[in-house]
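Trainee: Here it is, the structure in full.
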Amino acid sequence: MNGKLIAECCDRAYAALVQHTDEIAALDQQIGDGDHIYNMLRGLEALRAMAPQIEAAEMGQALQLAGGKLLSTVGGSSGPLLASLLMGMARAAPREAGADGVAAMFAAGVDAMQRRGKTGTGSKTMMDVLIPVAERFRELAAAQAGVGEILAELPRVAERGMASTRDMLALKGRASFLGDRSRGHIDPGARSSHVIITAICALLAESRGGPERSHEEVS
Amino acid sequence: MKKFLNNVDDFLTESLAGFAAAHADSVVLHTEPLFVRRRHLQPGKVALISGGGSGHEPLHAGFIGRGMLDAACPGQVFTSPTPDQMIAAAGAVETGGGVLFIVKNYSGDVMNFEMAAESTARKNATVLVNDDVAVDDSSFTTGRRGVAGTVIVEKVVGSLAEAGGDLQACQAFGDRVVKRLGSMGVALTSCIVPRAGRPTLVLGDDEMEMGVGIHGEAGRRRCKMMSANAITAELLDAILTDLSPARGAEILLLVNGLGGTPLGELYLLCDAAHRRLSADGMQVRRTLVGNFTTSLEMAGASLTVCLLDQEILEHWDSPVNTPALRWGA
C-alpha cells in the first residue's frame, strides 16, 4: 500500500457514497439532522482534489495528509473521528504491506477514534462497524488467512455491525436525544462506514485480480 | 423548498459576505479558513471565541463586538466548524489574555473545539454550555444540549472579559452561569436544511415537537397543539423543576424565536411566561424577546431562565455593542 492506493481508496469510497447518498440522507433524517452524508462527501471531494499530493506520498504521510484534510473539511462529529482514524493509522503505517501490518494499522486508527469519541460498541454509531471489523481483521491476519478470504469476510462483518445498530438505543451523538425513538433505525454513520469498507475491500480484491476477485456489491 | 438561494454550495459564503458588508464598521470576515472577527481588538483582554454550525443566526457571529465575542467560527449549516478555523481565529484575536472558547454541548462541536484547544499555541480554556433541560443529563447520553442560553453566557462572560477579568475568572464565571441556566424549546413546523431540501421533521398540521433541539432533532414528545398558556406552562415547569429556584428568586427570562415565528407571537409567549412566573413566585428582573438562536425557518420558540445574582445582573446590564444585541453603547 502506498499513496497511490490511498488515493484510489478515496475515489472508490467517494463513488460508493455518491451511489448511496439518498438512502443515507434518509436514514439520517429519521434519527439525526440529515447532514452526515453531505459532510462525508465534502471531505472526500476535498481528498480527490488533492489526489496528486496523496499519490506522491508514502503511505503514512498520505494518511496523515488525508486525515488533516478531512479534519478541516468535514466538520460535525465525523470530521474529528475520521481524522483521528486516518492519523492514528498514519502513526502505525507499516513498512511492508503484509496483512498483519495493515490490520495493526487499522486497529491503531480505530483505537485513536475511540479515544476521541469516547465510545465503544453498542452506542449506535459507526464504531459498531469499525470496531468489529478491526478485531476480525487482526484475528484473520493472526491466523494467516489468505488476502482473498480477508477481503471477502470484512464486508460481511461490517454489514452485521451496521445491521446491529437497528435495534440499539442511541447513546451518543444527536440521535441520543431521541431516546427510545432511536430504536428501529439503522445508524447513518454505521451505514456509511459499511458502504466504504465494502467498496475498499472490493477495490483491493480487484487490484489483486485473479480467482479470488470479489464481486460482492453493497445491497 | 423555497429559499433565497443562488447555488446551494454558496449559501454560507454568500450569507457571511452579506453579514460582513452590513457590519463592516465592526467585524471582519476571513476566508480560508472561515471565521469572523471583531474589527477593533482590545489588547490584553481575554479573547472570547465561539462557533458552531450555521443556521442559528444571529448566533454566533451576530454577537461579535464590544462586550461579547471577539470571533466566531461558522460551520456549514448545522455542522460544527473545524479546528483549523478555531486555531486561526485564536491566532487573529488573542492579544495576551488567552482564549476562552464558548462551546455548545453537541458532540461535533465538542470534539472539534477539543482538537483546536489541543493544537493551538495560545493559552486557552473552554466553557461548555448545556442549558437544554428537555433531554436528561444521565450517564446514558452525551448530556444536555447547548441552546439559546448560550447568548446569556456570551453576554455576561463577555462583559467580565471587557472589565478585565482574567482567563481563569472568565471560565469560572461561565461555568457558574451555565449551572444557573435552563432552556426548553418547542417546534410548530420543521426547518429545511438547504442542502437536504426537505423538512427535517415531519409534523402534522395540528402537531408540535415539545423539547425540540435547535437542529429540528426530536425532543421529549410529539403532541397535539395546545394553547400558548399551556405550552408556556409545560416549558417553564420543566425548566423550573430542573433549576429548583428559591421562592422569590430573581430571574432573567429569554423568549427566543426559532426563526419562523412572528415577533407578535413571541411577545404573547412572553406575557404568558410573565404571568406564569409571577404565579410561581418568581421575580422577572430582566426580559429579552427576539430571534437570537434560530433553527433556520422553523416556527417555534424556546424559553430560557437564568437565575440572577448581583454579579450576573451587573454583567447583563453592562453596555454591549454587537450586530444583534446592543444597549448602553
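Each chain of the C-alpha cells is named A, B, ... in the order shown, its residues numbered from 1; ligands are numbered from 1 in display order.
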Can you tell me, as a ChimeraX atom specification, what residues are no more than 9 Å from region 163-165 of chain B when counting only C-alpha atoms, ignoring any on the same chain fewer than 5 positions away?
Mentor: /B:44-46,67,157-158,170
Trainee: Give me the residues within 9 Å of region 191-203 of chain A as a PDB file with N, CA and C atoms, in the first residue's frame, counting only C-alpha atoms and dropping any in the same chain fewer than 3 places off.
Mentor:
```
ATOM      1  N   GLU A   8      -6.684   5.921  -4.527  1.00  0.00           N
ATOM      2  CA  GLU A   8      -7.703   5.088  -5.178  1.00  0.00           C
ATOM      3  C   GLU A   8      -8.816   4.709  -4.195  1.00  0.00           C
ATOM      4  N   CYS A   9      -8.417   4.412  -2.953  1.00  0.00           N
ATOM      5  CA  CYS A   9      -9.413   4.084  -1.919  1.00  0.00           C
ATOM      6  C   CYS A   9     -10.372   5.264  -1.720  1.00  0.00           C
ATOM      7  N   CYS A  10      -9.828   6.485  -1.701  1.00  0.00           N
ATOM      8  CA  CYS A  10     -10.665   7.676  -1.532  1.00  0.00           C
ATOM      9  C   CYS A  10     -11.661   7.783  -2.684  1.00  0.00           C
ATOM     10  N   ARG A  12     -12.792   5.405  -4.600  1.00  0.00           N
ATOM     11  CA  ARG A  12     -13.782   4.336  -4.549  1.00  0.00           C
ATOM     12  C   ARG A  12     -14.814   4.596  -3.443  1.00  0.00           C
ATOM     13  N   ALA A  13     -14.314   5.086  -2.298  1.00  0.00           N
ATOM     14  CA  ALA A  13     -15.223   5.400  -1.187  1.00  0.00           C
ATOM     15  C   ALA A  13     -16.193   6.492  -1.614  1.00  0.00           C
ATOM     16  N   TYR A  14     -15.661   7.479  -2.328  1.00  0.00           N
ATOM     17  CA  TYR A  14     -16.488   8.585  -2.799  1.00  0.00           C
ATOM     18  C   TYR A  14     -17.583   8.075  -3.740  1.00  0.00           C
ATOM     19  N   ALA A  15     -17.168   7.257  -4.710  1.00  0.00           N
ATOM     20  CA  ALA A  15     -18.134   6.733  -5.691  1.00  0.00           C
ATOM     21  C   ALA A  15     -19.228   5.932  -4.987  1.00  0.00           C
ATOM     22  N   ALA A  16     -18.834   5.142  -3.993  1.00  0.00           N
ATOM     23  CA  ALA A  16     -19.814   4.309  -3.297  1.00  0.00           C
ATOM     24  C   ALA A  16     -20.794   5.181  -2.503  1.00  0.00           C
ATOM     25  N   LEU A  17     -20.275   6.232  -1.871  1.00  0.00           N
ATOM     26  CA  LEU A  17     -21.166   7.100  -1.091  1.00  0.00           C
ATOM     27  C   LEU A  17     -22.109   7.882  -2.002  1.00  0.00           C
ATOM     28  N   HIS A  20     -25.027   5.901  -2.711  1.00  0.00           N
ATOM     29  CA  HIS A  20     -25.939   5.672  -1.591  1.00  0.00           C
ATOM     30  C   HIS A  20     -26.370   6.960  -0.889  1.00  0.00           C
ATOM     31  N   ILE A  24     -28.666   7.171   2.611  1.00  0.00           N
ATOM     32  CA  ILE A  24     -28.033   7.542   3.887  1.00  0.00           C
ATOM     33  C   ILE A  24     -28.626   8.852   4.408  1.00  0.00           C
ATOM     34  N   LEU A  27     -31.803   7.923   6.134  1.00  0.00           N
ATOM     35  CA  LEU A  27     -31.555   7.322   7.456  1.00  0.00           C
ATOM     36  C   LEU A  27     -31.268   8.418   8.475  1.00  0.00           C
ATOM     37  N   HIS A  36     -25.001  14.162   7.694  1.00  0.00           N
ATOM     38  CA  HIS A  36     -23.856  13.245   7.701  1.00  0.00           C
ATOM     39  C   HIS A  36     -23.289  12.960   6.315  1.00  0.00           C
ATOM     40  N   ILE A  37     -24.142  12.543   5.393  1.00  0.00           N
ATOM     41  CA  ILE A  37     -23.644  12.124   4.078  1.00  0.00           C
ATOM     42  C   ILE A  37     -23.017  13.298   3.331  1.00  0.00           C
ATOM     43  N   MET A  40     -19.573  13.925   4.667  1.00  0.00           N
ATOM     44  CA  MET A  40     -18.658  12.887   4.180  1.00  0.00           C
ATOM     45  C   MET A  40     -18.262  13.165   2.732  1.00  0.00           C
ATOM     46  N   MET A 126     -20.899   4.665  14.230  1.00  0.00           N
ATOM     47  CA  MET A 126     -20.043   3.974  13.269  1.00  0.00           C
ATOM     48  C   MET A 126     -19.058   3.023  13.952  1.00  0.00           C
ATOM     49  N   MET A 127     -18.846   3.200  15.266  1.00  0.00           N
ATOM     50  CA  MET A 127     -17.946   2.286  15.970  1.00  0.00           C
ATOM     51  C   MET A 127     -18.496   0.857  15.966  1.00  0.00           C
ATOM     52  N   VAL A 129     -19.531  -0.658  13.532  1.00  0.00           N
ATOM     53  CA  VAL A 129     -18.988  -1.297  12.324  1.00  0.00           C
ATOM     54  C   VAL A 129     -17.469  -1.402  12.436  1.00  0.00           C
ATOM     55  N   LEU A 130     -16.832  -0.305  12.810  1.00  0.00           N
ATOM     56  CA  LEU A 130     -15.373  -0.245  12.724  1.00  0.00           C
ATOM     57  C   LEU A 130     -14.668  -1.123  13.755  1.00  0.00           C
ATOM     58  N   VAL A 133     -14.856  -4.836  12.747  1.00  0.00           N
ATOM     59  CA  VAL A 133     -14.032  -5.057  11.544  1.00  0.00           C
ATOM     60  C   VAL A 133     -12.555  -5.078  11.929  1.00  0.00           C
ATOM     61  N   ILE A 150      -9.795 -12.594   3.623  1.00  0.00           N
ATOM     62  CA  ILE A 150      -9.965 -11.399   4.473  1.00  0.00           C
ATOM     63  C   ILE A 150     -10.861 -10.371   3.776  1.00  0.00           C
ATOM     64  N   LEU A 151     -10.593 -10.139   2.495  1.00  0.00           N
ATOM     65  CA  LEU A 151     -11.347  -9.119   1.762  1.00  0.00           C
ATOM     66  C   LEU A 151     -12.804  -9.514   1.546  1.00  0.00           C
ATOM     67  N   ALA A 152     -13.078 -10.800   1.577  1.00  0.00           N
ATOM     68  CA  ALA A 152     -14.460 -11.258   1.450  1.00  0.00           C
ATOM     69  C   ALA A 152     -15.177 -11.218   2.795  1.00  0.00           C
ATOM     70  N   LEU A 154     -14.407  -9.242   5.649  1.00  0.00           N
ATOM     71  CA  LEU A 154     -14.585  -7.953   6.345  1.00  0.00           C
ATOM     72  C   LEU A 154     -15.876  -7.215   5.963  1.00  0.00           C
ATOM     73  N   PRO A 155     -16.279  -7.210   4.691  1.00  0.00           N
ATOM     74  CA  PRO A 155     -17.564  -6.563   4.375  1.00  0.00           C
ATOM     75  C   PRO A 155     -18.743  -7.242   5.068  1.00  0.00           C
ATOM     76  N   ARG A 156     -18.636  -8.555   5.269  1.00  0.00           N
ATOM     77  CA  ARG A 156     -19.723  -9.251   5.971  1.00  0.00           C
ATOM     78  C   ARG A 156     -19.768  -8.838   7.441  1.00  0.00           C
ATOM     79  N   VAL A 157     -18.589  -8.691   8.048  1.00  0.00           N
ATOM     80  CA  VAL A 157     -18.529  -8.227   9.448  1.00  0.00           C
ATOM     81  C   VAL A 157     -19.093  -6.799   9.536  1.00  0.00           C
ATOM     82  N   ALA A 158     -18.724  -5.997   8.552  1.00  0.00           N
ATOM     83  CA  ALA A 158     -19.216  -4.604   8.530  1.00  0.00           C
ATOM     84  C   ALA A 158     -20.738  -4.584   8.409  1.00  0.00           C
ATOM     85  N   GLU A 159     -21.261  -5.455   7.573  1.00  0.00           N
ATOM     86  CA  GLU A 159     -22.703  -5.485   7.363  1.00  0.00           C
ATOM     87  C   GLU A 159     -23.441  -5.904   8.643  1.00  0.00           C
ATOM     88  N   GLY A 161     -22.344  -5.515  11.658  1.00  0.00           N
ATOM     89  CA  GLY A 161     -22.221  -4.400  12.602  1.00  0.00           C
ATOM     90  C   GLY A 161     -23.230  -3.306  12.284  1.00  0.00           C
ATOM     91  N   MET A 162     -23.341  -2.993  11.002  1.00  0.00           N
ATOM     92  CA  MET A 162     -24.288  -1.971  10.555  1.00  0.00           C
ATOM     93  C   MET A 162     -25.711  -2.379  10.948  1.00  0.00           C
ATOM     94  N   ALA A 163     -26.060  -3.644  10.640  1.00  0.00           N
ATOM     95  CA  ALA A 163     -27.426  -4.118  10.917  1.00  0.00           C
ATOM     96  C   ALA A 163     -27.705  -4.131  12.422  1.00  0.00           C
ATOM     97  N   ILE A 186     -31.467   2.184  11.378  1.00  0.00           N
ATOM     98  CA  ILE A 186     -30.037   1.954  11.178  1.00  0.00           C
ATOM     99  C   ILE A 186     -29.301   3.285  11.378  1.00  0.00           C
ATOM    100  N   ASP A 187     -28.166   3.242  12.038  1.00  0.00           N
ATOM    101  CA  ASP A 187     -27.388   4.462  12.215  1.00  0.00           C
ATOM    102  C   ASP A 187     -26.727   4.852  10.884  1.00  0.00           C
ATOM    103  N   PRO A 188     -26.906   6.123  10.447  1.00  0.00           N
ATOM    104  CA  PRO A 188     -26.344   6.510   9.143  1.00  0.00           C
ATOM    105  C   PRO A 188     -24.816   6.428   9.096  1.00  0.00           C
ATOM    106  N   GLU A 206     -10.051  -6.420  -6.438  1.00  0.00           N
ATOM    107  CA  GLU A 206      -9.875  -6.235  -7.883  1.00  0.00           C
ATOM    108  C   GLU A 206      -8.432  -5.960  -8.241  1.00  0.00           C
ATOM    109  N   SER A 207      -7.787  -5.142  -7.425  1.00  0.00           N
ATOM    110  CA  SER A 207      -6.423  -4.757  -7.774  1.00  0.00           C
ATOM    111  C   SER A 207      -5.481  -5.947  -7.662  1.00  0.00           C
ATOM    112  N   ARG A 208      -5.904  -6.969  -6.902  1.00  0.00           N
ATOM    113  CA  ARG A 208      -5.107  -8.200  -6.849  1.00  0.00           C
ATOM    114  C   ARG A 208      -5.399  -9.042  -8.073  1.00  0.00           C
ATOM    115  N   ARG A 213     -10.954 -12.706  -6.857  1.00  0.00           N
ATOM    116  CA  ARG A 213     -11.559 -11.405  -7.105  1.00  0.00           C
ATOM    117  C   ARG A 213     -13.004 -11.363  -6.591  1.00  0.00           C
ATOM    118  N   SER A 214     -13.297 -10.340  -5.836  1.00  0.00           N
ATOM    119  CA  SER A 214     -14.613 -10.263  -5.199  1.00  0.00           C
ATOM    120  C   SER A 214     -15.559  -9.389  -6.010  1.00  0.00           C
ATOM    121  N   HIS A 215     -16.764  -9.868  -6.182  1.00  0.00           N
ATOM    122  CA  HIS A 215     -17.763  -9.052  -6.879  1.00  0.00           C
ATOM    123  C   HIS A 215     -18.884  -8.656  -5.938  1.00  0.00           C
ATOM    124  N   GLU A 216     -18.597  -8.823  -4.655  1.00  0.00           N
ATOM    125  CA  GLU A 216     -19.656  -8.515  -3.696  1.00  0.00           C
ATOM    126  C   GLU A 216     -20.078  -7.047  -3.825  1.00  0.00           C
ATOM    127  N   GLU A 217     -21.347  -6.862  -3.865  1.00  0.00           N
ATOM    128  CA  GLU A 217     -21.862  -5.498  -4.001  1.00  0.00           C
ATOM    129  C   GLU A 217     -22.571  -5.106  -2.715  1.00  0.00           C
ATOM    130  N   VAL A 218     -22.598  -3.836  -2.436  1.00  0.00           N
ATOM    131  CA  VAL A 218     -23.396  -3.362  -1.302  1.00  0.00           C
ATOM    132  C   VAL A 218     -24.850  -3.370  -1.751  1.00  0.00           C
TER     133      VAL A 218
END
```
Trainee: List the neighbours of region 86-98 of chain A out to 9 Å using only C-alpha atoms; skip same-chain residues closer than 2 positions along the sequence, and give me the result as a CSV table (one decimal) with C-alpha atoms, in the first residue's frame.
Mentor:
```csv
chain,number,residue,atom,x,y,z
A,1,MET,CA,0.0,0.0,0.0
A,2,ASN,CA,1.2,3.4,-0.9
A,59,MET,CA,1.6,5.6,2.9
A,60,GLY,CA,2.0,7.1,6.4
A,61,GLN,CA,2.4,10.6,5.0
A,62,ALA,CA,-0.5,10.1,2.6
A,63,LEU,CA,-2.8,9.0,5.5
A,64,GLN,CA,-1.7,12.0,7.6
A,65,LEU,CA,-2.4,14.4,4.7
A,66,ALA,CA,-5.8,12.9,4.1
A,67,GLY,CA,-6.6,12.9,7.9
A,68,GLY,CA,-5.6,16.6,8.1
A,81,LEU,CA,-13.5,11.0,14.2
A,82,LEU,CA,-12.4,10.1,10.7
A,83,ALA,CA,-9.3,12.4,11.0
A,84,SER,CA,-8.4,10.5,14.2
A,100,ASP,CA,-0.5,-8.3,9.7
A,101,GLY,CA,0.8,-4.8,9.4
A,102,VAL,CA,-2.3,-3.4,7.7
A,103,ALA,CA,-4.5,-5.0,10.3
A,104,ALA,CA,-2.5,-3.5,13.1
A,105,MET,CA,-2.5,-0.1,11.4
A,106,PHE,CA,-6.3,-0.2,11.0
A,107,ALA,CA,-6.7,-1.2,14.7
A,108,ALA,CA,-4.5,1.7,15.8
A,109,GLY,CA,-6.6,4.0,13.8
A,110,VAL,CA,-9.8,2.7,15.3
A,111,ASP,CA,-8.3,3.0,18.8
A,112,ALA,CA,-7.5,6.6,18.2
A,113,MET,CA,-11.0,7.2,17.0
A,141,ALA,CA,-4.3,-11.8,9.9
```
Trainee: I need the residues in region 41-194 of chain A that are alpha helix (DSSP H) according to DSSP; give them as JSON, numbers by chain.
Mentor: {"A": [41, 42, 43, 44, 45, 46, 47, 48, 49, 51, 52, 53, 54, 55, 56, 59, 60, 61, 62, 63, 64, 65, 66, 67, 68, 69, 70, 71, 72, 73, 78, 79, 80, 81, 82, 83, 84, 85, 86, 87, 88, 89, 90, 91, 99, 100, 101, 102, 103, 104, 105, 106, 107, 108, 109, 110, 111, 112, 113, 114, 115, 116, 117, 127, 128, 129, 130, 131, 132, 133, 134, 135, 136, 137, 138, 139, 140, 141, 142, 147, 148, 149, 150, 151, 152, 153, 154, 155, 156, 157, 158, 159, 160, 161, 162, 163, 164, 188, 189, 190, 191, 192, 193, 194]}
Trainee: Residues within 9 Å of region 52-58 of chain B, please, as a PDB file with C-alpha atoms, in the first residue's frame. Count only C-alpha atoms; anything in the same chain fewer than 4 positions from it doesn't count.
Mentor:
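Listing of around17.pdb after writing:
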```
ATOM      1  CA  GLY A  75     -16.787  19.222  10.450  1.00  0.00           C
ATOM      2  CA  GLY A  76     -19.508  17.727  12.604  1.00  0.00           C
TER       3      GLY A  76
ATOM      4  CA  LEU B  12     -22.733  30.048   3.688  1.00  0.00           C
ATOM      5  CA  GLY B  62     -24.119  38.421  15.405  1.00  0.00           C
ATOM      6  CA  PHE B  63     -22.692  38.656  18.914  1.00  0.00           C
ATOM      7  CA  ALA B  72     -16.948  33.322  15.723  1.00  0.00           C
ATOM      8  CA  CYS B  73     -16.280  30.237  13.619  1.00  0.00           C
ATOM      9  CA  PRO B  74     -19.261  29.313  11.458  1.00  0.00           C
ATOM     10  CA  GLY B  75     -19.579  25.739  10.226  1.00  0.00           C
ATOM     11  CA  GLN B  76     -21.717  24.573   7.338  1.00  0.00           C
ATOM     12  CA  VAL B  77     -25.446  24.594   8.106  1.00  0.00           C
ATOM     13  CA  PHE B  78     -25.985  22.527  11.270  1.00  0.00           C
ATOM     14  CA  THR B  79     -22.442  21.167  11.053  1.00  0.00           C
ATOM     15  CA  SER B  80     -19.787  22.120  13.554  1.00  0.00           C
ATOM     16  CA  PRO B  81     -16.844  24.167  12.325  1.00  0.00           C
ATOM     17  CA  VAL B 103     -18.955  25.729  23.115  1.00  0.00           C
ATOM     18  CA  LYS B 104     -22.490  24.397  22.874  1.00  0.00           C
ATOM     19  CA  GLY B 108     -19.282  17.510  16.940  1.00  0.00           C
ATOM     20  CA  ASP B 109     -18.705  20.963  18.420  1.00  0.00           C
ATOM     21  CA  VAL B 193     -31.508  22.269   5.629  1.00  0.00           C
ATOM     22  CA  ILE B 214     -32.069  23.688  17.559  1.00  0.00           C
ATOM     23  CA  HIS B 215     -31.478  21.442  14.534  1.00  0.00           C
ATOM     24  CA  LEU B 258     -36.595  29.713  16.355  1.00  0.00           C
ATOM     25  CA  GLY B 259     -36.761  31.664  13.088  1.00  0.00           C
ATOM     26  CA  ASN B 291     -34.783  35.693  17.428  1.00  0.00           C
ATOM     27  CA  PHE B 292     -31.337  35.017  18.875  1.00  0.00           C
ATOM     28  CA  THR B 293     -30.719  31.286  18.476  1.00  0.00           C
ATOM     29  CA  THR B 294     -32.701  30.127  15.497  1.00  0.00           C
ATOM     30  CA  SER B 295     -33.196  26.926  13.601  1.00  0.00           C
ATOM     31  CA  LEU B 296     -33.438  28.211  10.019  1.00  0.00           C
ATOM     32  CA  GLU B 297     -37.116  28.835   9.188  1.00  0.00           C
ATOM     33  CA  PRO B 323     -24.893  43.469  15.348  1.00  0.00           C
ATOM     34  CA  ALA B 324     -27.625  41.517  17.160  1.00  0.00           C
TER      35      ALA B 324
END
```
Trainee: Need the shell around region 14-26 of chain B: protein/DNA/RNA residues with any atom at most 7 Å away, counting only C-alpha atoms. Skip same-chain ones fewer than 2 positions apart. Format as a PyMOL selection string?
Mentor: chain B and resi 10-12+28-29+38-39+65+323
Trainee: I'd like to know which of A:Gly146, A:Gly117, A:Pro132, A:Gly3 is closest to Ser77 (chain A), using only C-alpha atoms.
Mentor: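 Of the candidates, the smallest distance to Ser77 (chain A) is held by A:Gly117.
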Trainee: With a cut-off of 7 Å and counting only C-alpha atoms, select all residues of chain B in contact with chain A and give the selection as a count of residues only.
Mentor: 22
Trainee: Counting only C-alpha atoms, which of B:Val284, B:Ala169, B:Met298, B:Glu114 gets nearest to Leu203 (chain B)?
Mentor: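 Comparing B:Val284, B:Ala169, B:Met298, B:Glu114 against Leu203 (chain B), the winner is B:Met298.
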Trainee: Could you tell me, as a VMD selection string, which residues of region 58-211 of chain B DSSP assigns to strand (DSSP E) when given the backbone?
Mentor: chain B and resid 71 to 77 99 to 104 124 to 129 181 to 187 207 to 210
Trainee: With only C-alpha atoms as the counted atoms, please give the residues lying no more than 8 Å from Pro33 (chain B), apart from itself and same-chain residues fewer than 3 positions off, as a PyMOL selection string.
Mentor: chain B and resi 30+84-85+88
Trainee: Report the distance between CA of Thr119 (chain A) and CA of Arg176 (chain B) in Å, rounded to one decimal place.
Mentor: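 The value is 28.2 Å.
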